[in-house]
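S.K.: One structure, as structure tokens, below. Some questions next.
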Amino acid sequence: MAMPYNPQQLEGKWQKFWNEQGTNKTAEDSSKPKFYCLEQFPYPSGRLHMGHMRVYSIGDVIARLKRMNGYQVLHPMGWDAFGLPAENAAVKFGAQPAKWTYENIDFMKNQLNRLGVSIDWSREVATCSPDYYKWTQWLFLTFLEQGLAYRKRAFVNWCPECSTVLANEQVIDGLCWRCDSEVTKKDLEQWFFKITDYAERLLTDLDNLPGWPEKVRTMQKNWIGKSEGANITFTIPELDNEEVTVFTTRPDTLFGVSYMVLAPEHPLVPKLIAGKAEEAKVLAFVEEMKKESDITRTSTDAEKVGLFTGAYAKHALTGEQVPIWVANYVLLDYGTGSVMGVPAHDERDFAFAKKYDLPIHVVINPEDADVLVEEIGVDAAFTEDGTMINSGQFDGMPNREAIKAIADHLEKEGKGGLTTTYRLRDWLVSRQRYWGTPIPIIYCDDCGVVPVPKDQLPVTLPEDVVIDGKRNPLTSSEDFLHTTCPTCGGKARRETDTMDTFIDSSWYYLRYTDSQNKEMPFSKENADKWMQVDEYIGGIEHAILHLLYSRFFTKVLHDAGMFSFDEPFRSLLTQGMVLKDGTKMSKSKGNVVSPDEMIEKYGADTVRLFILFAAPPERDLDWTDTGVEGSFRFLNRVWRLVESHSDLIKTGQVVNAQDDAAKELNRTTHYAIKKVTEDIGERYTFNTAISTIMELVNKLYTYPETSDRGTLAFGLENLIVLLAPIAPHIAEEMWQMIGKSGSVHNQEWPQFDPQALVLDEVEIVIQINGKVRDKMVVANGLSKEDLEKHVLATEKAIALIDGKTVRKVIAVPGKLVNIVVG
RNA sequence: GCCGGUAUGGCGGAAUUGGCAGACGCGCGCGACUCAAAAUCGCGAGGGAAACCGUGGGGGUUCAAGUCCCUCUACCGGCACCA
């Protein structure tokens, strides 16, 4: 009696079974190689969307395959549980952030289980739990001990909508990464992590990450923004020879300097203008600049606006008077916050000099005879290479050489030298928000800034607070605020800022290796055992943010002796988005497909199969209803196939002759094993693995009833095993159906037999002058010479040559024979 | 402006090492089964009447190019008054 495929019924049954059997627990067995498979953990926003389904389906296929392949696999899950939406929910619905968050976690955990993801829940972490954030605080203090956490007053990014400061990485095109509000500047004292100390290592070590997509490495390179040049120190005679240093990538043009520009916020500006006629005007300009947002200020089309300060500097080498200006296009926090102006050899300086009628000195003579020295600075700047002129002792030198020569000379004179600048800024880590890890710092009137001793952690986040969305409730929580100084025992108050949630997520993958540890964030032994993450799967949106921060954390903790590796993620897979009708799913567009409804309708196996089959993982995936139907149809097809032969394996094999059909099926089965193993295990092209499985199914369907039953049984059995990582529930059910004992997921992954792949005969292509003219079946394994001889002797070949002169014959065994005639 | 990526039938995509372009699936058409439909099973198809032409355009290397080289275009993404 045929039973229809009923995913709703069988999926729940097997999920319960796996749970009871502990099938998904990390099976520690040091005789096996380890594999750490990790997908980016979700923010518990409420429910999982299709993007989540995709990332966890991908990760689960890999984890399941590696387990069957004989690895001890670590495949954990957790929750990036601190963050603003919980506070917003508190304002909107009056829910307590903790309660709201944990309810969401429960719901989403259930969704993940319904997808059949093989997670070891015994290692689950939630960043908002005191058991976790205690160690986040511990690590903060470690950064402090290492001299990598510090407090400074600075013009920082401020999101008015989120009422908090932001790191540079969290400002995307001048807008807040979370809410898209325009980011403004605020002068505040804040906590920073010294990621700039690691800029060079973060950059060069990208070359040691061949398992990362080129795209992500390039994005990080761009973000770090290394720039090599020189610092050059000018003096200001009227300010008692006070020094001002500029950064330039073109020290070779030093003799062409005709002015200097400081950023409006530059600390020297007030001194320069004090008591001058220009004072009022410049001050007003500076105030105006401070108000302008970064987008308007730094956009390429913005007009370059500057003002003369009335002050002059003394040129570092010539001693000439150089007028000092302030201008909107010079940024305080890049380089030294001041630049030298060389209009003859820089486009931007040229435009500025033309606008304000500043002198233009040519100091490089073009090699190209078409460019006349007299014309440089008339219509355009000359930015190419050439020979030094008007540059004293450096005249006649190629300008590339002069870069080093001038820098060396400056260094000898104590006026600068070669240097490297990075675009990367220190990571602003404090946030004026409630739902985050409290920064473990105490302020004492007598002792100053005092870290909370590590043995007093955690600094617990109070839950009895009123959240109005306007101000950080910690600032008015009397119990939280008032404490005693750990040093002197006197009255003191706590830091009320919390940490950027990106700190929480910068080390969670380490906690999984030892999530129950009560003494340390993790032991060196466990970290070294499981790390690095062998495959990390997540969205491209974290190419800079989370992935850069995590690399930074790993390097710092490595340097602190906490483990021996210094990159967290050996290999990175960035999955594309899930689209519908060509655009990202969104409520406003009304094109959201609910994972719950899909699982309800077709079962998790169909959803997984479709997601993996519709596109390779890196590409965007367009959700189509007909495609899902197709995947469902395929599973039904497999189900009927196995069911109709379920007795075959149970009742023992009936072996007939090894006819051609049997040989071919045997070959197809072994080929499928080879292909699926490579595609899932190495190439991560799940779509082609699935098409190979489909081909096997098609072959099994057309297999003659009179052919060898043992070969058929072998094909069916392997079909189920190959399908197991992709569609785990149906595979388990069919495994049982054919009378096998134990879980299919505990089976050893099959190995293909290379002998079985060898064909007796092969079809080769006959080309004339590179064009396909005919096909021919020949014995396999012919040498080049024999193949050529054999083919040329055939009537077909003689007819094709048609009496023309054979100039050349190229024979590729197993593929083709190309006859070049003339 | 600099850097990275992508471009293949009606659609998603395959071709891993330079060797039959279009596997597999969706959609479509035809047939079988059925009173009929659905489901299922089977068959068919890049374009063109054909010679031939076909992997964004143009050029090149090669016996042979989706694949290698040069060049251009379009789209996606990163960085950007960065000194």
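Convention: chains lettered A, B, ... in structure tokens order; per-chain residue numbering from 1; ligands numbered from 1 as shown.
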Write out as a PyMOL selection string which residues come within 12 Å of range 168-175 of chain A when counting only C-alpha atoms (C1' of nucleotides), dropping same-chain ones fewer than 2 positions away.
M.R.: (chain A and resi 155-162+164-166+177-185+192+195+219-220+223-224+292-299+333+423-429+500-502+541-549) or (chain B and resi 78-80)
S.K.: I need the contact residues of chain B against chain A, so if you could list those with any atom within 12 Å, counting only C-alpha atoms (C1' of nucleotides), and return them as number ranges by chain, that would help.
M.R.: B: 1-6, 11-16, 19-20, 23-27, 39-42, 62-65, 76-83
S.K.: Apply DSSP to the backbone of this structure and, from range 313-554 of chain A, keep only the residues in strand (DSSP E); write these as a ChimeraX atom specification.
M.R.: /A:313-314,321-327,338-341,364-366,386-388,416-422,427-428,430-431,441-444,448-451,482-484,491-494,498-499,535-539
S.K.: Skipping near chain neighbours, those fewer than 2 positions away, what residues fall within 12 Å of G58 in chain B using only C-alpha atoms (C1' of nucleotides), listed as a list in words?
M.R.: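 These residues fall inside the cut-off: G56, G60, C70, U71, C72 and U73 of chain B.
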S.K.: Keeping only N, CA, C and O atoms (P, O5', C5', C4', C3', O3' and C1' of nucleotides), write the selected residues as a PDB file, in the first residue's frame.
M.R.:
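Result file again02.pdb:
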```
ATOM      1  P     G B  56      28.666  37.025 -22.778  1.00  0.00           P
ATOM      2  O5'   G B  56      28.095  38.211 -23.670  1.00  0.00           O
ATOM      3  C5'   G B  56      26.714  38.547 -23.620  1.00  0.00           C
ATOM      4  C4'   G B  56      26.543  39.981 -24.029  1.00  0.00           C
ATOM      5  C3'   G B  56      27.518  40.469 -25.097  1.00  0.00           C
ATOM      6  O3'   G B  56      27.127  40.112 -26.394  1.00  0.00           O
ATOM      7  C1'   G B  56      27.491  41.999 -23.310  1.00  0.00           C
ATOM      8  P     G B  60      41.391  40.168 -35.374  1.00  0.00           P
ATOM      9  O5'   G B  60      42.377  39.647 -34.235  1.00  0.00           O
ATOM     10  C5'   G B  60      43.699  40.168 -34.170  1.00  0.00           C
ATOM     11  C4'   G B  60      44.368  39.777 -32.888  1.00  0.00           C
ATOM     12  C3'   G B  60      44.790  38.324 -32.754  1.00  0.00           C
ATOM     13  O3'   G B  60      45.948  38.033 -33.507  1.00  0.00           O
ATOM     14  C1'   G B  60      43.872  39.081 -30.710  1.00  0.00           C
ATOM     15  P     C B  70      45.267  41.804 -20.295  1.00  0.00           P
ATOM     16  O5'   C B  70      45.031  42.695 -21.585  1.00  0.00           O
ATOM     17  C5'   C B  70      46.120  43.307 -22.262  1.00  0.00           C
ATOM     18  C4'   C B  70      45.632  43.986 -23.513  1.00  0.00           C
ATOM     19  C3'   C B  70      44.490  44.966 -23.324  1.00  0.00           C
ATOM     20  O3'   C B  70      44.928  46.221 -22.824  1.00  0.00           O
ATOM     21  C1'   C B  70      44.039  43.604 -25.195  1.00  0.00           C
ATOM     22  P     U B  71      43.943  47.050 -21.891  1.00  0.00           P
ATOM     23  O5'   U B  71      42.781  47.450 -22.905  1.00  0.00           O
ATOM     24  C5'   U B  71      43.003  48.420 -23.930  1.00  0.00           C
ATOM     25  C4'   U B  71      41.785  48.521 -24.798  1.00  0.00           C
ATOM     26  C3'   U B  71      40.499  48.899 -24.080  1.00  0.00           C
ATOM     27  O3'   U B  71      40.400  50.300 -23.818  1.00  0.00           O
ATOM     28  C1'   U B  71      40.074  47.070 -25.511  1.00  0.00           C
ATOM     29  P     C B  72      39.603  50.755 -22.532  1.00  0.00           P
ATOM     30  O5'   C B  72      38.094  50.791 -23.042  1.00  0.00           O
ATOM     31  C5'   C B  72      37.735  51.558 -24.187  1.00  0.00           C
ATOM     32  C4'   C B  72      36.423  51.079 -24.732  1.00  0.00           C
ATOM     33  C3'   C B  72      35.254  51.099 -23.758  1.00  0.00           C
ATOM     34  O3'   C B  72      34.709  52.391 -23.580  1.00  0.00           O
ATOM     35  C1'   C B  72      35.237  49.058 -24.928  1.00  0.00           C
ATOM     36  P     U B  73      33.999  52.749 -22.186  1.00  0.00           P
ATOM     37  O5'   U B  73      32.626  51.936 -22.275  1.00  0.00           O
ATOM     38  C5'   U B  73      31.671  52.239 -23.291  1.00  0.00           C
ATOM     39  C4'   U B  73      30.520  51.286 -23.229  1.00  0.00           C
ATOM     40  C3'   U B  73      29.811  51.178 -21.883  1.00  0.00           C
ATOM     41  O3'   U B  73      28.917  52.254 -21.668  1.00  0.00           O
ATOM     42  C1'   U B  73      30.147  49.008 -22.756  1.00  0.00           C
TER      43        U B  73
END
```
S.K.: In Å to one decimal, how far is CA of Gly742 in chain A from CA of Ile673 in chain A?
M.R.: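 Separation of CA of Ile673 in chain A and CA of Gly742 in chain A: 21.1 Å.
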S.K.: Fewer than 6 positions away in the same chain doesn't count, so skip those; otherwise give me all residues within 9 Å of Pro130 in chain A, counting only C-alpha atoms (C1' of nucleotides), as a ChimeraX atom specification.
M.R.: /A:437,458-461
S.K.: Determine, counting only C-alpha atoms (C1' of nucleotides), which protein, DNA and RNA residues have an atom within 6 Å of an atom of range 744-761 of chain A; residues of the same chain fewer than 3 positions away are not included. Present the result as number ranges by chain.
M.R.: A: 68-69, 667, 670, 673-674, 732, 778-780
S.K.: So which residues of range 384-465 of chain A fall under alpha helix (DSSP H) by DSSP, listed as a PyMOL selection string?
M.R.: chain A and resi 399-413
S.K.: With only C-alpha atoms as the basis for distance, which of A:Pro453, A:Trp121, A:Pro813, A:Tyr703 is at the shortest distance from Cys485 in chain A?
M.R.: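 Ranked by minimum distance to Cys485 in chain A, first place goes to A:Pro453.
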S.K.: Quick one: of B:C68, B:A21, B:C43, B:A50, who's nearest to U8 in chain B, counting only C-alpha atoms (C1' of nucleotides)?
M.R.: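 Among the listed residues, B:A21 lies closest to U8 in chain B.
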S.K.: Have a look at CA of Asp385 in chain A and CA of Asp252 in chain A and let me know their distance in Å, one decimal.
M.R.: 10.2 Å
S.K.: May I ask which of the residues A:Thr233, A:Thr136, A:Thr794, A:Ser550 is the closest one to Gly436 in chain A, counting only C-alpha atoms?
M.R.: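 The closest residue to Gly436 in chain A is A:Thr136.
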S.K.: Can you list, as a PyMOL selection string, every protein, DNA or RNA residue that comes within 10 Å of Phe552 in chain A when you count only C-alpha atoms (C1' of nucleotides), leaving out same-chain residues fewer than 3 positions away?
M.R.: chain A and resi 193-199+201-202+506+546-549+555-558+566-568
S.K.: Can you pull out every residue within 6 Å of Lys34 in chain A, counting only C-alpha atoms (C1' of nucleotides), but drop anything in the same chain fewer than 4 positions away, and send it as a short mmCIF file (atom, residue, chain, number, x, y, z; two decimals) with C-alpha atoms, in the first residue's frame?
M.R.:
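Written file, out16.cif:
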```
data_model
loop_
_atom_site.label_atom_id
_atom_site.label_comp_id
_atom_site.auth_asym_id
_atom_site.auth_seq_id
_atom_site.Cartn_x
_atom_site.Cartn_y
_atom_site.Cartn_z
CA TYR A 71 34.98 14.83 11.56
CA GLN A 72 34.16 15.89 15.08
CA VAL A 73 32.01 18.86 14.21
#
```
S.K.: What does the distance between CA of Glu785 in chain A and CA of Ile801 in chain A come to in Å, to one decimal place?
M.R.: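 If I compute the distance from CA of Glu785 in chain A to CA of Ile801 in chain A, I get 18.4 Å.
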